[in-house]
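One file, model_29.cif, is given below (mmCIF, C-alpha atoms and all ligand atoms).
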data_upload
#
loop_
_atom_site.group_PDB
_atom_site.id
_atom_site.type_symbol
_atom_site.label_atom_id
_atom_site.label_comp_id
_atom_site.auth_asym_id
_atom_site.auth_seq_id
_atom_site.Cartn_x
_atom_site.Cartn_y
_atom_site.Cartn_z
ATOM 1 C CA MET A 1 24.081 -6.306 -9.709
ATOM 2 C CA SER A 2 21.060 -8.333 -10.864
ATOM 3 C CA LYS A 3 23.295 -11.286 -11.552
ATOM 4 C CA TRP A 4 21.122 -14.177 -10.522
ATOM 5 C CA VAL A 5 18.019 -15.599 -12.153
ATOM 6 C CA TYR A 6 15.902 -18.249 -10.464
ATOM 7 C CA VAL A 7 15.050 -21.014 -12.954
ATOM 8 C CA SER A 8 14.089 -24.692 -12.502
ATOM 9 C CA GLY A 9 14.490 -24.448 -8.726
ATOM 10 C CA GLU A 10 17.938 -22.888 -8.615
ATOM 11 C CA TYR A 11 19.816 -19.635 -9.043
ATOM 12 C CA VAL A 12 21.932 -19.398 -12.177
ATOM 13 C CA LEU A 13 23.986 -16.548 -13.617
ATOM 14 C CA LYS A 14 21.934 -14.201 -15.821
ATOM 15 C CA ASP A 15 23.834 -15.122 -19.006
ATOM 16 C CA GLU A 16 23.481 -18.817 -18.298
ATOM 17 C CA ALA A 17 19.739 -18.797 -17.534
ATOM 18 C CA LYS A 18 18.040 -21.028 -20.110
ATOM 19 C CA VAL A 19 14.825 -22.914 -20.810
ATOM 20 C CA SER A 20 14.295 -25.858 -23.119
ATOM 21 C CA VAL A 21 13.238 -25.295 -26.753
ATOM 22 C CA PHE A 22 10.550 -27.908 -25.957
ATOM 23 C CA ASP A 23 9.059 -25.681 -23.247
ATOM 24 C CA HIS A 24 5.429 -25.015 -24.201
ATOM 25 C CA GLY A 25 5.821 -21.419 -23.043
ATOM 26 C CA PHE A 26 8.251 -21.044 -25.943
ATOM 27 C CA LEU A 27 6.462 -23.320 -28.425
ATOM 28 C CA TYR A 28 2.903 -22.088 -27.829
ATOM 29 C CA GLY A 29 2.919 -19.146 -25.423
ATOM 30 C CA ASP A 30 1.406 -21.593 -22.955
ATOM 31 C CA GLY A 31 1.994 -19.952 -19.592
ATOM 32 C CA VAL A 32 1.389 -16.862 -17.487
ATOM 33 C CA PHE A 33 3.482 -14.004 -16.126
ATOM 34 C CA GLU A 34 3.555 -11.069 -13.742
ATOM 35 C CA GLY A 35 5.396 -7.754 -13.702
ATOM 36 C CA ILE A 36 5.936 -6.327 -10.223
ATOM 37 C CA ARG A 37 7.950 -3.417 -8.817
ATOM 38 C CA ALA A 38 9.965 -2.759 -5.711
ATOM 39 C CA TYR A 39 10.470 0.789 -4.468
ATOM 40 C CA GLY A 40 13.062 1.748 -1.837
ATOM 41 C CA GLY A 41 13.364 -1.775 -0.437
ATOM 42 C CA ARG A 42 9.654 -2.680 -0.484
ATOM 43 C CA VAL A 43 7.676 -4.706 -3.016
ATOM 44 C CA PHE A 44 4.551 -2.816 -4.045
ATOM 45 C CA ARG A 45 1.230 -4.725 -3.886
ATOM 46 C CA LEU A 46 2.974 -8.114 -3.856
ATOM 47 C CA ASP A 47 -0.057 -10.049 -2.568
ATOM 48 C CA GLU A 48 -2.290 -8.572 -5.281
ATOM 49 C CA HIS A 49 0.202 -9.560 -8.004
ATOM 50 C CA LEU A 50 0.496 -13.085 -6.598
ATOM 51 C CA GLN A 51 -3.288 -13.372 -6.399
ATOM 52 C CA ARG A 52 -3.551 -12.401 -10.079
ATOM 53 C CA LEU A 53 -0.793 -14.858 -11.022
ATOM 54 C CA TRP A 54 -2.665 -17.665 -9.247
ATOM 55 C CA GLU A 55 -5.926 -16.666 -10.925
ATOM 56 C CA SER A 56 -4.291 -16.577 -14.375
ATOM 57 C CA ALA A 57 -2.723 -20.013 -13.737
ATOM 58 C CA LYS A 58 -6.031 -21.431 -12.493
ATOM 59 C CA ALA A 59 -7.782 -20.212 -15.631
ATOM 60 C CA ILE A 60 -5.362 -22.170 -17.849
ATOM 61 C CA CYS A 61 -5.217 -25.252 -15.553
ATOM 62 C CA LEU A 62 -1.577 -24.625 -14.697
ATOM 63 C CA GLU A 63 -0.197 -25.721 -11.357
ATOM 64 C CA ILE A 64 2.387 -23.294 -9.962
ATOM 65 C CA PRO A 65 5.229 -25.426 -8.574
ATOM 66 C CA LEU A 66 5.572 -23.440 -5.311
ATOM 67 C CA SER A 67 3.080 -22.385 -2.679
ATOM 68 C CA ARG A 68 2.194 -18.698 -2.538
ATOM 69 C CA GLY A 69 4.238 -18.287 0.660
ATOM 70 C CA GLN A 70 7.223 -20.057 -0.897
ATOM 71 C CA LEU A 71 7.096 -17.929 -4.047
ATOM 72 C CA LYS A 72 6.885 -14.773 -1.967
ATOM 73 C CA GLU A 73 10.015 -15.818 -0.066
ATOM 74 C CA LYS A 74 11.843 -16.667 -3.312
ATOM 75 C CA ILE A 75 11.012 -13.239 -4.760
ATOM 76 C CA LEU A 76 12.361 -11.471 -1.683
ATOM 77 C CA GLU A 77 15.411 -13.770 -1.676
ATOM 78 C CA SER A 78 16.076 -12.977 -5.375
ATOM 79 C CA LEU A 79 15.996 -9.255 -4.630
ATOM 80 C CA ARG A 80 18.363 -9.674 -1.681
ATOM 81 C CA LYS A 81 20.721 -11.895 -3.681
ATOM 82 C CA ASN A 82 20.875 -9.281 -6.439
ATOM 83 C CA GLU A 83 21.143 -6.408 -3.943
ATOM 84 C CA LEU A 84 18.169 -4.627 -5.492
ATOM 85 C CA LYS A 85 16.013 -2.088 -3.671
ATOM 86 C CA ASP A 86 14.312 -0.439 -6.655
ATOM 87 C CA ALA A 87 13.550 -3.182 -9.102
ATOM 88 C CA TYR A 88 11.427 -4.765 -11.731
ATOM 89 C CA ILE A 89 10.386 -8.323 -10.929
ATOM 90 C CA ARG A 90 9.289 -10.594 -13.770
ATOM 91 C CA LEU A 91 7.676 -13.884 -12.820
ATOM 92 C CA VAL A 92 7.107 -16.426 -15.576
ATOM 93 C CA VAL A 93 5.292 -19.706 -15.109
ATOM 94 C CA SER A 94 5.249 -21.809 -18.246
ATOM 95 C CA ARG A 95 3.737 -25.214 -18.942
ATOM 96 C CA GLY A 96 7.250 -26.640 -19.022
ATOM 97 C CA LYS A 97 8.890 -29.206 -21.258
ATOM 98 C CA GLY A 98 6.655 -31.383 -23.441
ATOM 99 C CA ASP A 99 6.581 -32.843 -26.912
ATOM 100 C CA LEU A 100 5.812 -31.018 -30.167
ATOM 101 C CA GLY A 101 2.045 -31.444 -29.812
ATOM 102 C CA LEU A 102 -0.259 -28.951 -28.091
ATOM 103 C CA ASP A 103 -1.348 -31.308 -25.328
ATOM 104 C CA PRO A 104 -0.458 -29.734 -21.973
ATOM 105 C CA GLY A 105 -0.998 -33.170 -20.426
ATOM 106 C CA LYS A 106 2.361 -34.143 -21.920
ATOM 107 C CA CYS A 107 4.146 -31.495 -19.844
ATOM 108 C CA PRO A 108 4.727 -33.056 -16.433
ATOM 109 C CA GLN A 109 6.528 -30.153 -14.746
ATOM 110 C CA ALA A 110 5.696 -26.444 -14.934
ATOM 111 C CA GLU A 111 8.671 -24.093 -15.194
ATOM 112 C CA LEU A 112 8.988 -21.147 -12.792
ATOM 113 C CA ILE A 113 11.322 -18.252 -13.491
ATOM 114 C CA ILE A 114 12.056 -15.196 -11.354
ATOM 115 C CA ILE A 115 13.977 -12.381 -13.024
ATOM 116 C CA THR A 116 14.788 -9.293 -10.985
ATOM 117 C CA ASP A 117 16.435 -6.354 -12.623
ATOM 118 C CA LYS A 118 16.851 -2.600 -12.602
ATOM 119 C CA ILE A 119 13.775 -0.811 -13.841
ATOM 120 C CA SER A 120 13.932 1.276 -17.017
ATOM 121 C CA ILE A 121 11.236 3.914 -17.184
ATOM 122 C CA TYR A 122 9.870 6.594 -19.507
ATOM 123 C CA PRO A 123 11.872 9.859 -19.425
ATOM 124 C CA GLU A 124 10.619 12.146 -16.617
ATOM 125 C CA GLU A 125 9.685 14.933 -19.085
ATOM 126 C CA LEU A 126 6.928 12.726 -20.525
ATOM 127 C CA TYR A 127 5.198 12.822 -17.112
ATOM 128 C CA GLU A 128 4.879 16.610 -17.628
ATOM 129 C CA LYS A 129 4.279 16.774 -21.374
ATOM 130 C CA GLY A 130 2.272 13.595 -21.684
ATOM 131 C CA LEU A 131 2.315 10.898 -24.336
ATOM 132 C CA GLU A 132 1.047 11.119 -27.867
ATOM 133 C CA VAL A 133 -0.690 7.873 -28.797
ATOM 134 C CA ILE A 134 -2.789 6.344 -31.546
ATOM 135 C CA ILE A 135 -5.831 4.124 -31.524
ATOM 136 C CA ALA A 136 -4.716 0.874 -33.145
ATOM 137 C CA SER A 137 -6.752 -0.868 -35.822
ATOM 138 C CA THR A 138 -5.955 -4.206 -34.149
ATOM 139 C CA ARG A 139 -8.855 -4.942 -31.774
ATOM 140 C CA ARG A 140 -8.235 -6.402 -28.296
ATOM 141 C CA ASN A 141 -8.796 -10.163 -28.045
ATOM 142 C CA ILE A 142 -12.401 -11.094 -27.403
ATOM 143 C CA PRO A 143 -12.793 -12.492 -23.874
ATOM 144 C CA SER A 144 -14.820 -15.442 -25.128
ATOM 145 C CA ALA A 145 -11.776 -16.585 -27.137
ATOM 146 C CA LEU A 146 -8.943 -15.615 -24.790
ATOM 147 C CA ASN A 147 -9.895 -13.803 -21.634
ATOM 148 C CA CYS A 148 -7.800 -10.653 -21.253
ATOM 149 C CA ARG A 149 -7.804 -11.155 -17.487
ATOM 150 C CA ILE A 150 -5.334 -13.985 -18.068
ATOM 151 C CA LYS A 151 -1.877 -12.413 -18.100
ATOM 152 C CA SER A 152 -0.713 -15.031 -20.556
ATOM 153 C CA LEU A 153 2.624 -15.503 -22.301
ATOM 154 C CA ASN A 154 0.835 -14.948 -25.599
ATOM 155 C CA TYR A 155 1.001 -11.190 -26.098
ATOM 156 C CA LEU A 156 0.869 -11.130 -29.903
ATOM 157 C CA ASN A 157 -2.456 -9.272 -29.852
ATOM 158 C CA ASN A 158 -0.811 -6.442 -27.899
ATOM 159 C CA ILE A 159 2.439 -6.637 -29.885
ATOM 160 C CA LEU A 160 0.518 -6.143 -33.158
ATOM 161 C CA ALA A 161 -0.965 -2.939 -31.741
ATOM 162 C CA LYS A 162 2.468 -1.846 -30.475
ATOM 163 C CA ILE A 163 3.874 -2.340 -33.999
ATOM 164 C CA GLU A 164 1.153 -0.028 -35.344
ATOM 165 C CA ALA A 165 2.160 2.615 -32.784
ATOM 166 C CA ASN A 166 5.868 2.237 -33.529
ATOM 167 C CA ARG A 167 5.247 2.591 -37.263
ATOM 168 C CA GLU A 168 3.710 5.997 -36.559
ATOM 169 C CA GLY A 169 6.535 6.960 -34.225
ATOM 170 C CA MET A 170 4.370 6.728 -31.095
ATOM 171 C CA PRO A 171 5.246 4.998 -27.830
ATOM 172 C CA GLU A 172 1.833 3.437 -27.160
ATOM 173 C CA ALA A 173 -1.406 2.369 -28.813
ATOM 174 C CA ILE A 174 -4.914 2.335 -27.425
ATOM 175 C CA MET A 175 -6.876 -0.800 -28.296
ATOM 176 C CA LEU A 176 -10.617 -1.026 -28.828
ATOM 177 C CA SER A 177 -12.856 -3.925 -27.874
ATOM 178 C CA LYS A 178 -14.437 -5.864 -30.733
ATOM 179 C CA ASP A 179 -17.499 -3.586 -30.432
ATOM 180 C CA GLY A 180 -15.379 -0.455 -30.737
ATOM 181 C CA TYR A 181 -15.282 0.678 -27.109
ATOM 182 C CA ILE A 182 -12.018 1.896 -25.604
ATOM 183 C CA ALA A 183 -10.401 -1.086 -23.867
ATOM 184 C CA GLU A 184 -6.799 -0.498 -22.804
ATOM 185 C CA CYS A 185 -3.286 0.030 -24.133
ATOM 186 C CA THR A 186 -0.767 -2.678 -25.024
ATOM 187 C CA GLY A 187 0.591 -2.812 -21.459
ATOM 188 C CA ASP A 188 -1.386 -0.182 -19.541
ATOM 189 C CA ASN A 189 -4.944 0.576 -18.523
ATOM 190 C CA ILE A 190 -6.640 3.849 -19.471
ATOM 191 C CA PHE A 191 -8.639 6.538 -17.661
ATOM 192 C CA ILE A 192 -10.303 9.714 -18.892
ATOM 193 C CA VAL A 193 -11.521 12.734 -16.939
ATOM 194 C CA LYS A 194 -14.740 14.477 -17.947
ATOM 195 C CA GLU A 195 -16.197 17.331 -15.907
ATOM 196 C CA GLY A 196 -14.196 16.361 -12.828
ATOM 197 C CA LYS A 197 -15.154 12.681 -12.962
ATOM 198 C CA LEU A 198 -12.876 9.750 -13.720
ATOM 199 C CA VAL A 199 -14.052 7.097 -16.139
ATOM 200 C CA THR A 200 -12.260 3.834 -16.903
ATOM 201 C CA PRO A 201 -13.454 0.865 -18.965
ATOM 202 C CA PRO A 202 -14.985 -2.018 -16.961
ATOM 203 C CA VAL A 203 -13.013 -5.282 -16.811
ATOM 204 C CA TRP A 204 -15.790 -7.125 -18.658
ATOM 205 C CA VAL A 205 -15.142 -5.131 -21.827
ATOM 206 C CA GLY A 206 -12.008 -7.283 -22.195
ATOM 207 C CA ILE A 207 -8.981 -5.840 -20.371
ATOM 208 C CA LEU A 208 -6.385 -6.913 -17.863
ATOM 209 C CA SER A 209 -7.585 -6.139 -14.360
ATOM 210 C CA GLY A 210 -4.633 -3.864 -13.622
ATOM 211 C CA ILE A 211 -3.205 -3.560 -10.124
ATOM 212 C CA THR A 212 -2.228 0.078 -10.750
ATOM 213 C CA ARG A 213 -5.755 0.694 -12.069
ATOM 214 C CA ASP A 214 -7.123 -0.629 -8.750
ATOM 215 C CA VAL A 215 -4.713 1.541 -6.747
ATOM 216 C CA VAL A 216 -5.734 4.661 -8.701
ATOM 217 C CA ILE A 217 -9.437 3.881 -8.159
ATOM 218 C CA GLU A 218 -8.717 3.475 -4.421
ATOM 219 C CA ILE A 219 -6.775 6.760 -4.252
ATOM 220 C CA ALA A 220 -9.495 8.630 -6.155
ATOM 221 C CA GLN A 221 -12.197 7.312 -3.828
ATOM 222 C CA LYS A 222 -10.163 8.371 -0.778
ATOM 223 C CA GLU A 223 -9.678 11.823 -2.304
ATOM 224 C CA GLY A 224 -13.411 12.185 -2.898
ATOM 225 C CA ILE A 225 -13.031 12.068 -6.687
ATOM 226 C CA SER A 226 -15.896 10.326 -8.467
ATOM 227 C CA VAL A 227 -14.802 7.191 -10.403
ATOM 228 C CA GLU A 228 -17.005 5.309 -12.798
ATOM 229 C CA GLU A 229 -16.258 2.017 -14.565
ATOM 230 C CA ASN A 230 -18.097 2.486 -17.803
ATOM 231 C CA ILE A 231 -17.706 1.874 -21.507
ATOM 232 C CA PHE A 232 -16.897 4.860 -23.700
ATOM 233 C CA THR A 233 -16.018 5.485 -27.344
ATOM 234 C CA SER A 234 -13.092 7.129 -29.119
ATOM 235 C CA PHE A 235 -15.360 10.194 -29.534
ATOM 236 C CA ALA A 236 -15.577 10.546 -25.722
ATOM 237 C CA LEU A 237 -11.820 10.048 -25.451
ATOM 238 C CA TYR A 238 -11.025 12.734 -28.078
ATOM 239 C CA ASN A 239 -13.357 15.120 -26.214
ATOM 240 C CA SER A 240 -12.199 14.299 -22.678
ATOM 241 C CA ASP A 241 -10.625 16.937 -20.404
ATOM 242 C CA GLU A 242 -7.736 14.684 -19.350
ATOM 243 C CA CYS A 243 -6.491 11.213 -20.105
ATOM 244 C CA PHE A 244 -3.853 9.042 -18.428
ATOM 245 C CA LEU A 245 -2.538 5.493 -18.446
ATOM 246 C CA THR A 246 -1.771 3.238 -15.503
ATOM 247 C CA GLY A 247 0.593 0.290 -15.266
ATOM 248 C CA THR A 248 3.316 -1.221 -13.132
ATOM 249 C CA ALA A 249 6.051 0.044 -15.454
ATOM 250 C CA ALA A 250 4.550 3.440 -16.429
ATOM 251 C CA GLU A 251 2.854 4.125 -13.052
ATOM 252 C CA VAL A 252 0.444 7.010 -13.852
ATOM 253 C CA ILE A 253 1.336 8.838 -17.073
ATOM 254 C CA PRO A 254 -0.621 11.554 -18.900
ATOM 255 C CA VAL A 255 -1.800 11.255 -22.503
ATOM 256 C CA THR A 256 -2.056 14.608 -24.264
ATOM 257 C CA ARG A 257 -2.670 13.689 -27.910
ATOM 258 C CA VAL A 258 -4.690 10.859 -29.445
ATOM 259 C CA ASP A 259 -4.816 10.331 -33.227
ATOM 260 C CA GLY A 260 -3.755 13.953 -33.729
ATOM 261 C CA ARG A 261 -6.468 15.355 -31.402
ATOM 262 C CA THR A 262 -5.177 17.387 -28.451
ATOM 263 C CA ILE A 263 -6.650 16.216 -25.145
ATOM 264 C CA GLY A 264 -7.775 19.080 -22.879
ATOM 265 C CA LYS A 265 -5.071 21.756 -22.733
ATOM 266 C CA GLY A 266 -2.417 19.477 -24.218
ATOM 267 C CA VAL A 267 -0.453 19.100 -20.974
ATOM 268 C CA ALA A 268 -0.897 16.939 -17.852
ATOM 269 C CA GLY A 269 -4.221 18.026 -16.317
ATOM 270 C CA PRO A 270 -4.807 18.889 -12.639
ATOM 271 C CA LEU A 271 -6.530 15.620 -11.679
ATOM 272 C CA THR A 272 -3.887 13.554 -13.466
ATOM 273 C CA LYS A 273 -1.126 15.447 -11.650
ATOM 274 C CA ARG A 274 -2.815 14.957 -8.292
ATOM 275 C CA LEU A 275 -3.202 11.206 -8.867
ATOM 276 C CA MET A 276 0.388 10.885 -10.146
ATOM 277 C CA GLU A 277 1.630 12.544 -6.969
ATOM 278 C CA ARG A 278 -0.561 10.479 -4.618
ATOM 279 C CA PHE A 279 0.432 7.298 -6.415
ATOM 280 C CA ARG A 280 4.140 8.070 -6.063
ATOM 281 C CA GLN A 281 3.680 8.915 -2.383
ATOM 282 C CA LEU A 282 2.006 5.550 -1.816
ATOM 283 C CA THR A 283 4.831 3.616 -3.516
ATOM 284 C CA GLN A 284 7.278 5.279 -1.115
ATOM 285 C CA VAL A 285 5.513 4.169 2.052
ATOM 286 C CA GLU A 286 3.684 0.930 1.267
ATOM 287 C CA GLY A 287 4.867 -2.561 0.437
ATOM 288 C CA THR A 288 6.366 -5.834 1.617
ATOM 289 C CA PRO A 289 9.861 -5.256 3.056
ATOM 290 C CA ILE A 290 12.661 -7.057 1.203
HETATM 291 N N1 LIG B 301 -3.021 -4.045 -19.524
HETATM 292 C C1 LIG B 301 -2.172 -4.953 -20.007
HETATM 293 C C2 LIG B 301 -2.510 -5.664 -21.253
HETATM 294 C C3 LIG B 301 -0.987 -5.231 -19.324
HETATM 295 O O1 LIG B 301 -0.134 -6.145 -19.796
HETATM 296 C C4 LIG B 301 -1.609 -3.562 -17.679
HETATM 297 C C5 LIG B 301 -2.770 -3.362 -18.393
HETATM 298 C C6 LIG B 301 -1.394 -2.815 -16.408
HETATM 299 O O2 LIG B 301 -1.523 -3.679 -15.295
HETATM 300 P P1 LIG B 301 -0.752 -3.473 -13.928
HETATM 301 O O3 LIG B 301 -1.201 -4.582 -13.060
HETATM 302 O O4 LIG B 301 0.716 -3.522 -14.235
HETATM 303 O O5 LIG B 301 -1.166 -2.145 -13.407
HETATM 304 C C7 LIG B 301 -0.690 -4.508 -18.140
HETATM 305 C C8 LIG B 301 0.565 -4.758 -17.384
HETATM 306 C C9 LIG B 301 6.192 -6.114 -19.213
HETATM 307 C C10 LIG B 301 5.178 -5.628 -18.280
HETATM 308 O O6 LIG B 301 7.294 -6.428 -18.775
HETATM 309 C C11 LIG B 301 3.851 -5.658 -18.631
HETATM 310 C C12 LIG B 301 2.915 -5.204 -17.743
HETATM 311 C C13 LIG B 301 3.299 -4.712 -16.526
HETATM 312 C C14 LIG B 301 4.644 -4.694 -16.183
HETATM 313 C C15 LIG B 301 5.593 -5.146 -17.076
HETATM 314 O O7 LIG B 301 5.927 -6.229 -20.394
HETATM 315 N N2 LIG B 301 1.619 -5.241 -18.143
#
Structure translated into structure tokens:
Amino acid sequence: MSKWVYVSGEYVLKDEAKVSVFDHGFLYGDGVFEGIRAYGGRVFRLDEHLQRLWESAKAICLEIPLSRGQLKEKILESLRKNELKDAYIRLVVSRGKGDLGLDPGKCPQAELIIITDKISIYPEELYEKGLEVIIASTRRNIPSALNCRIKSLNYLNNILAKIEANREGMPEAIMLSKDGYIAECTGDNIFIVKEGKLVTPPVWVGILSGITRDVVIEIAQKEGISVEENIFTSFALYNSDECFLTGTAAEVIPVTRVDGRTIGKGVAGPLTKRLMERFRQLTQVEGTPI
């Protein structure tokens, strides 16, 4: 199971999958990636993930070596070859092999990697109890330096915040924008509920435009729940009625404590539960068949 990795145009055994030490993805974090999931034999929101991959690549002047249709086929082929129905799909497009200088012009061929594997998820009890998180002191990258909409191979900004969380024994950290507004977590977007309304930070504040975030906004609108994309502070977060995170890996997961402040009643709130359920239902019926 999950034996084969697609790298440099061919399938190789997982343990033999390698890239060059001169690959600029390795040397400089020069590249982009995607994390996608398949549920019950269907790939969830595949076109949206591919669109974001192409947009990230465009933003860094990186040419993806396959067409969108070809990549889609290769992803489905990888899943079939590895006999996976519920899976995590990691696409990596790096600048490829070059010399020891920064110049991407010296890298003639981008590298494309498709890893498909079993998905490891948070324990189910956390979806009831919720996560306890901290607000990291490390601020999210400023978009004018490195736009957070680029899902780049350079995740040190997020890793620094994750280290802060780990040092306090917490699974996640919330990151603020340079101006001190709530931005997102290290690998998830964030929502709060106040007086029955959902609020999530706008993309311009400097966050990844999450696919799960979009799905949750869509679901909420269909359910007649008011959703607002607006900046808010840690004060508003501490005093919110409910809080949850969204991401491909975590799906929709409640947050019940932030920096030692209990959020709402300290358990998954009613709106969070409703959205978690609707989201899971959607993943069971939607998607591109493998
Ligand atoms: N913010 C950041 C910084 C992310 O990296 C999200 C939000 C949520 O976006 P999606 O589109 O997933 O709803 C992410 C997503 C991994 C991995 O392997 C990372 C993500 C998703 C899946 C896997 O590290 N990041």
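When all atoms listed in the file are used to compute distances to Asn189 of chain A, the closest of the residues A:Arg261, A:Lys162, A:Lys85, A:Arg213 turns out to be A:Arg213.
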Specify the axis-aligned box that encloses all atoms of ligand LIG 301 (chain B) listed in the file after padding of 4 Å on each side, stating its centre and edge lengths in Å to one decimal as lines of an AutoDock Vina configuration file.
center_x = 2.1
center_y = -4.3
center_z = -17.2
size_x = 18.3
size_y = 12.3
size_z = 16.2
Quick one: which residues end up in the PyMOL selection byres (((chain A and resi 34-50) around 6) and not hetatm) for this structure, as JSON, numbers by chain? {"A": [33, 51, 52, 53, 85, 86, 87, 88, 89, 90, 91, 287, 288, 289, 290]}
For this structure, which residues satisfy the selection - the PyMOL selection byres (((chain A and resi 115) around 8) and not hetatm) - when it is evaluated on the file as given? I want them as a compact mmCIF listing (two decimals) with C-alpha atoms, keeping the file's coordinate frame.
# COMPACT_ATOMS: atom_id res chain seq x y z
CA TRP A 4 21.12 -14.18 -10.52
CA VAL A 5 18.02 -15.60 -12.15
CA TYR A 6 15.90 -18.25 -10.46
CA SER A 78 16.08 -12.98 -5.38
CA ILE A 89 10.39 -8.32 -10.93
CA ARG A 90 9.29 -10.59 -13.77
CA LEU A 91 7.68 -13.88 -12.82
CA ILE A 113 11.32 -18.25 -13.49
CA ILE A 114 12.06 -15.20 -11.35
CA THR A 116 14.79 -9.29 -10.98
CA ASP A 117 16.43 -6.35 -12.62
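For ligand LIG 301 (chain B), the protein and nucleic acid residues at most 7 Å away, judged by all atoms listed in the file, amount to Glu34, Gly35, Ile36, Arg90, Lys151, Asn158, Glu184, Cys185, Thr186, Gly187, Asp188, Asn189, Ile207, Leu208, Ser209, Gly210, Ile211, Thr212, Arg213, Thr246, Gly247, Thr248 and Ala249 of chain A.
Residues selected in this file by the PyMOL selection byres (((chain A and resi 142-149) around 10) and not hetatm) comprise Arg52, Glu55, Ser56, Ala59, Arg139, Arg140, Asn141, Ile150, Lys151, Ser152, Asn154, Ser177, Lys178, Asp179, Val203, Trp204, Val205, Gly206, Ile207, Leu208, Ser209 and Gly210 of chain A.
Atom CA of Ser240 of chain A is positioned 18.0 Å from atom CA of Glu128 of chain A.
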Could you jot down the atom CA of Leu176 of chain A to atom CA of Phe235 of chain A separation for me, Å, one decimal place? 12.2 Å
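Relative to atom CA of Gln109 of chain A, atom CA of Leu66 of chain A is found at 11.6 Å.
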Taking only C-alpha atoms into account, name the residue in A:Leu160, A:Gly196, A:Gly224, A:Asn230 that is nearest to Ala183 of chain A. A:Asn230
Could you model N, CA and C atoms for segment 193-205 of chain A and present them as a PDB file, in the frame of the given file?
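rebuild_16.pdb was written with the following content:
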ATOM      1  N   VAL A 193     -10.855  11.831 -17.875  1.00  0.00           N
ATOM      2  CA  VAL A 193     -11.521  12.734 -16.939  1.00  0.00           C
ATOM      3  C   VAL A 193     -12.497  13.566 -17.754  1.00  0.00           C
ATOM      4  N   LYS A 194     -13.742  13.615 -17.297  1.00  0.00           N
ATOM      5  CA  LYS A 194     -14.740  14.477 -17.947  1.00  0.00           C
ATOM      6  C   LYS A 194     -15.539  15.180 -16.849  1.00  0.00           C
ATOM      7  N   GLU A 195     -15.495  16.501 -16.901  1.00  0.00           N
ATOM      8  CA  GLU A 195     -16.197  17.331 -15.907  1.00  0.00           C
ATOM      9  C   GLU A 195     -15.897  16.891 -14.478  1.00  0.00           C
ATOM     10  N   GLY A 196     -14.631  16.677 -14.189  1.00  0.00           N
ATOM     11  CA  GLY A 196     -14.196  16.361 -12.828  1.00  0.00           C
ATOM     12  C   GLY A 196     -14.368  14.916 -12.409  1.00  0.00           C
ATOM     13  N   LYS A 197     -14.937  14.098 -13.304  1.00  0.00           N
ATOM     14  CA  LYS A 197     -15.154  12.681 -12.962  1.00  0.00           C
ATOM     15  C   LYS A 197     -14.200  11.787 -13.740  1.00  0.00           C
ATOM     16  N   LEU A 198     -13.739  10.728 -13.054  1.00  0.00           N
ATOM     17  CA  LEU A 198     -12.876   9.750 -13.720  1.00  0.00           C
ATOM     18  C   LEU A 198     -13.730   8.652 -14.322  1.00  0.00           C
ATOM     19  N   VAL A 199     -13.375   8.239 -15.516  1.00  0.00           N
ATOM     20  CA  VAL A 199     -14.052   7.097 -16.139  1.00  0.00           C
ATOM     21  C   VAL A 199     -12.982   6.141 -16.665  1.00  0.00           C
ATOM     22  N   THR A 200     -13.171   4.852 -16.394  1.00  0.00           N
ATOM     23  CA  THR A 200     -12.260   3.834 -16.903  1.00  0.00           C
ATOM     24  C   THR A 200     -13.096   2.648 -17.388  1.00  0.00           C
ATOM     25  N   PRO A 201     -12.641   1.979 -18.459  1.00  0.00           N
ATOM     26  CA  PRO A 201     -13.454   0.865 -18.965  1.00  0.00           C
ATOM     27  C   PRO A 201     -13.612  -0.259 -17.923  1.00  0.00           C
ATOM     28  N   PRO A 202     -14.777  -0.899 -17.890  1.00  0.00           N
ATOM     29  CA  PRO A 202     -14.985  -2.018 -16.961  1.00  0.00           C
ATOM     30  C   PRO A 202     -14.204  -3.245 -17.430  1.00  0.00           C
ATOM     31  N   VAL A 203     -13.825  -4.108 -16.479  1.00  0.00           N
ATOM     32  CA  VAL A 203     -13.013  -5.282 -16.811  1.00  0.00           C
ATOM     33  C   VAL A 203     -13.722  -6.178 -17.840  1.00  0.00           C
ATOM     34  N   TRP A 204     -15.048  -6.229 -17.764  1.00  0.00           N
ATOM     35  CA  TRP A 204     -15.790  -7.125 -18.658  1.00  0.00           C
ATOM     36  C   TRP A 204     -15.681  -6.763 -20.132  1.00  0.00           C
ATOM     37  N   VAL A 205     -15.253  -5.537 -20.426  1.00  0.00           N
ATOM     38  CA  VAL A 205     -15.142  -5.131 -21.827  1.00  0.00           C
ATOM     39  C   VAL A 205     -13.989  -5.893 -22.513  1.00  0.00           C
TER      40      VAL A 205
END
